[in-house]
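Okay, so here's the structure we're looking at.
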Amino acid sequence: MSTIEPFEKSFFDQYCSHLVHTHPLVHCMTNDVVQEITADVLLAAGASPAMIIDEHESADFAAIADCLLINVGTLTDCRNLAMTLAIKAAKSCGKPWVLDPVASGLLPWRDEKIAHFLSLGPTVVRGNASEILNLAGLGAGGHGVDSKDDSRQAVEGAKELALKYKTIVAVTGETDFVTDGQKVFSIAGGDIMTTLVVGTGCSLSALVAAFCAKSDNYLMAAAAALTMAKRASETAAAQCQGPGSFHPAYLDALYSIARKHF
């Protein structure tokens, strides 16, 4: 059985510096609810976001961008096609792509499409514990888009999923875990306030994509992205009065962390 290792600060500094100096272009195919916060998070962290979602453009742009995010939160037939075309284009150009399986286990049609995306070989799968457990065949999914399970319960399922699909799996929760099926990193910290603001999880998946862009180690890059979000949420929670002030404070904290690595 593999041991769980805390992700070291020196590794975070290395990968955060890489992000801000390469300024990756992130192709975000995400849900309607979170597009603004996703773009804001990427800009604050030092990346460049673009939301190209039409089937006539998605493949062409995926070939241009440095990485691709696929978030199935508000999936439709048209978006399913556009996403599939973008994934195939990204893979053909050797670009990393991240799958966010929002509400896996909730609805049959959604699960069918998520399974298809999994079969296309994502670079990283980022989800909450219930989503990851469902994908691993060990759970029935969460309460809508929210997790019913603790992230620690999903570590073994995440490892199985990573080995089966030859991918990196990131499980987020009170403690985050990221694994390639053999090595497991843990990232503690953060704040419960992130669960009271729409889009912090979805935008985190975009941040993972940004860190993976032009990276030579996707496991380390994903862990660094989770670390950045944890640290920013701690800073923001210490300064805010509630969810309304947490949102801008979170963006400011991401920016402050990024600036230290320029």
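Letters A, B, ... mark the chains of the structure tokens in the order given; residue numbers begin at 1 per chain; ligand numbers begin at 1, in order shown.
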When you look at stretch 153-161 of chain A with a cut-off of 6 Å (counting only C-alpha atoms), what residues show up, excluding the ones that are within fewer than 2 positions of it in the same chain? I need them as a short mmCIF file (atom, residue, chain, number, x, y, z; two decimals) with N, CA, C and O atoms, in the first residue's frame.
data_model
loop_
_atom_site.label_atom_id
_atom_site.label_comp_id
_atom_site.auth_asym_id
_atom_site.auth_seq_id
_atom_site.Cartn_x
_atom_site.Cartn_y
_atom_site.Cartn_z
N ALA A 129 -15.13 14.00 -3.30
CA ALA A 129 -15.03 12.60 -2.90
C ALA A 129 -16.15 11.75 -3.48
O ALA A 129 -15.91 10.63 -3.97
N LEU A 133 -15.54 8.63 -6.00
CA LEU A 133 -15.99 7.30 -5.57
C LEU A 133 -16.96 6.69 -6.59
O LEU A 133 -16.88 5.49 -6.89
N ALA A 136 -15.11 5.46 -9.59
CA ALA A 136 -14.36 4.25 -9.27
C ALA A 136 -15.27 3.05 -9.01
O ALA A 136 -14.78 1.94 -8.74
N ASP A 150 -16.30 12.02 2.82
CA ASP A 150 -15.04 12.66 3.19
C ASP A 150 -13.97 12.29 2.17
O ASP A 150 -13.95 11.17 1.66
N SER A 151 -13.08 13.23 1.88
CA SER A 151 -12.07 12.98 0.86
C SER A 151 -11.17 11.80 1.20
O SER A 151 -10.70 11.09 0.30
N LEU A 163 -5.00 4.32 -11.92
CA LEU A 163 -4.34 3.19 -12.58
C LEU A 163 -5.15 2.68 -13.77
O LEU A 163 -4.58 2.36 -14.83
N LYS A 164 -6.45 2.63 -13.61
CA LYS A 164 -7.30 2.12 -14.68
C LYS A 164 -7.23 2.98 -15.93
O LYS A 164 -7.16 2.47 -17.06
N VAL A 169 -5.48 11.65 -10.53
CA VAL A 169 -6.79 11.91 -9.91
C VAL A 169 -6.60 12.80 -8.69
O VAL A 169 -5.79 12.50 -7.81
N GLY A 181 -1.90 6.78 -8.81
CA GLY A 181 -2.16 5.37 -8.58
C GLY A 181 -1.10 4.70 -7.73
O GLY A 181 -1.33 3.65 -7.14
#
Surrounding residues of stretch 95-101 of chain A excluding itself and chain neighbours under 4 positions, 8 Å, only C-alpha atoms, as a ChimeraX atom specification: /A:63,65-73,87,90-91,114,117-118,122-127,131,202,205-206,208-209,212-213
Please identify all polymer residues within 9 Å of stretch 227-230 of chain A, counting only C-alpha atoms, omitting same-chain residues fewer than 2 positions from it, and present them as JSON, numbers by chain. {"A": [7, 9, 12, 16, 45, 176, 187, 188, 189, 190, 191, 200, 204, 207, 222, 223, 224, 225, 232, 233, 234, 235, 250, 254, 257, 258]}
Go ahead and write the residues just picked, C-alpha atoms, as a compact mmCIF listing (two decimals), in the first residue's frame.
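Output contents, as saved in result_1.txt:
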# COMPACT_ATOMS: atom_id res chain seq x y z
CA PHE A 7 3.09 18.12 -0.59
CA LYS A 9 6.39 23.90 -0.06
CA PHE A 12 4.83 24.36 -4.75
CA CYS A 16 3.91 28.24 -9.09
CA ALA A 45 -3.07 33.27 -10.62
CA ASP A 176 -7.09 17.30 -0.75
CA ILE A 187 -2.74 19.02 0.90
CA ALA A 188 -4.26 20.13 4.20
CA GLY A 189 -5.70 23.50 5.14
CA GLY A 190 -8.17 25.70 3.35
CA ASP A 191 -11.42 26.98 4.80
CA THR A 200 -14.51 27.64 -6.23
CA LEU A 204 -9.96 24.98 -9.17
CA LEU A 207 -6.32 26.16 -12.13
CA ALA A 222 -1.92 19.19 -9.91
CA ALA A 223 -0.77 19.11 -6.29
CA ALA A 224 0.66 22.61 -6.67
CA ALA A 225 -2.66 23.91 -8.01
CA ALA A 232 -5.52 31.51 -0.91
CA SER A 233 -8.73 30.36 0.79
CA GLU A 234 -7.05 30.50 4.22
CA THR A 235 -5.88 34.07 3.61
CA TYR A 250 -9.93 34.93 -2.59
CA LEU A 254 -4.40 34.20 -5.41
CA ILE A 257 0.64 34.36 -4.03
CA ALA A 258 1.32 34.59 -7.77
According to DSSP computed on the backbone, where in stretch 92-134 of chain A is there strand (DSSP E)? Give the residues as a compact mmCIF listing (two decimals) with N, CA and C atoms, in the first residue's frame.
# COMPACT_ATOMS: atom_id res chain seq x y z
N TRP A 97 -5.26 17.91 -20.70
CA TRP A 97 -6.64 18.32 -20.48
C TRP A 97 -7.16 17.73 -19.18
N VAL A 98 -8.02 18.49 -18.53
CA VAL A 98 -8.55 18.15 -17.21
C VAL A 98 -10.05 17.92 -17.31
N LEU A 99 -10.51 16.84 -16.70
CA LEU A 99 -11.93 16.52 -16.64
C LEU A 99 -12.47 16.81 -15.24
N ASP A 100 -13.52 17.61 -15.17
CA ASP A 100 -14.24 17.86 -13.92
C ASP A 100 -15.61 17.20 -14.06
N VAL A 124 -5.77 14.79 -16.10
CA VAL A 124 -6.14 14.85 -14.69
C VAL A 124 -7.66 14.79 -14.58
N VAL A 125 -8.14 14.07 -13.58
CA VAL A 125 -9.56 14.11 -13.20
C VAL A 125 -9.62 14.78 -11.84
N ARG A 126 -10.39 15.87 -11.72
CA ARG A 126 -10.51 16.59 -10.46
C ARG A 126 -11.95 16.60 -10.02
N GLY A 127 -12.24 16.01 -8.86
CA GLY A 127 -13.61 15.99 -8.37
C GLY A 127 -13.67 15.90 -6.87
N ASN A 128 -14.88 16.03 -6.32
CA ASN A 128 -15.03 15.84 -4.89
C ASN A 128 -15.09 14.34 -4.58
I need the residues in stretch 22-52 of chain A that are alpha helix (DSSP H) according to DSSP; give them as number ranges by chain. A: 22, 35-45
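Considering only C-alpha atoms, the residue among A:Tyr255, A:Trp109, A:Tyr15, A:Phe61 positioned nearest to A:Thr76 is A:Trp109.
Straight-line separation from atom CA of A:Thr38 to atom CA of A:Pro108: 26.9 Å.
Here atom CA of A:Thr22 stands at a distance of 18.1 Å from atom CA of A:Cys93.
Each of A:Ile64, A:Val197, A:Leu81, A:Cys28 was checked against A:Lys113 using only C-alpha atoms; the smallest atom-to-atom distance is that of A:Leu81.
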Write out as a ChimeraX atom specification the residues lying within 9 Å of A:Gln239, counting only C-alpha atoms and excluding same-chain residues fewer than 6 positions away. /A:245-246,249
Serialized selection, N, CA and C atoms, as a PDB file, in the first residue's frame:
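The resulting result-v2.pdb:
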ATOM      1  N   SER A 245     -17.803  38.867   0.845  1.00  0.00           N
ATOM      2  CA  SER A 245     -16.471  39.470   0.840  1.00  0.00           C
ATOM      3  C   SER A 245     -15.375  38.423   0.628  1.00  0.00           C
ATOM      4  N   PHE A 246     -15.722  37.131   0.798  1.00  0.00           N
ATOM      5  CA  PHE A 246     -14.729  36.080   0.555  1.00  0.00           C
ATOM      6  C   PHE A 246     -14.333  36.028  -0.915  1.00  0.00           C
ATOM      7  N   ALA A 249     -11.784  38.600  -1.843  1.00  0.00           N
ATOM      8  CA  ALA A 249     -10.593  38.351  -1.028  1.00  0.00           C
ATOM      9  C   ALA A 249      -9.834  37.123  -1.533  1.00  0.00           C
TER      10      ALA A 249
END
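Atom CA of A:Ala210 sits 7.6 Å away from atom CA of A:Leu42.
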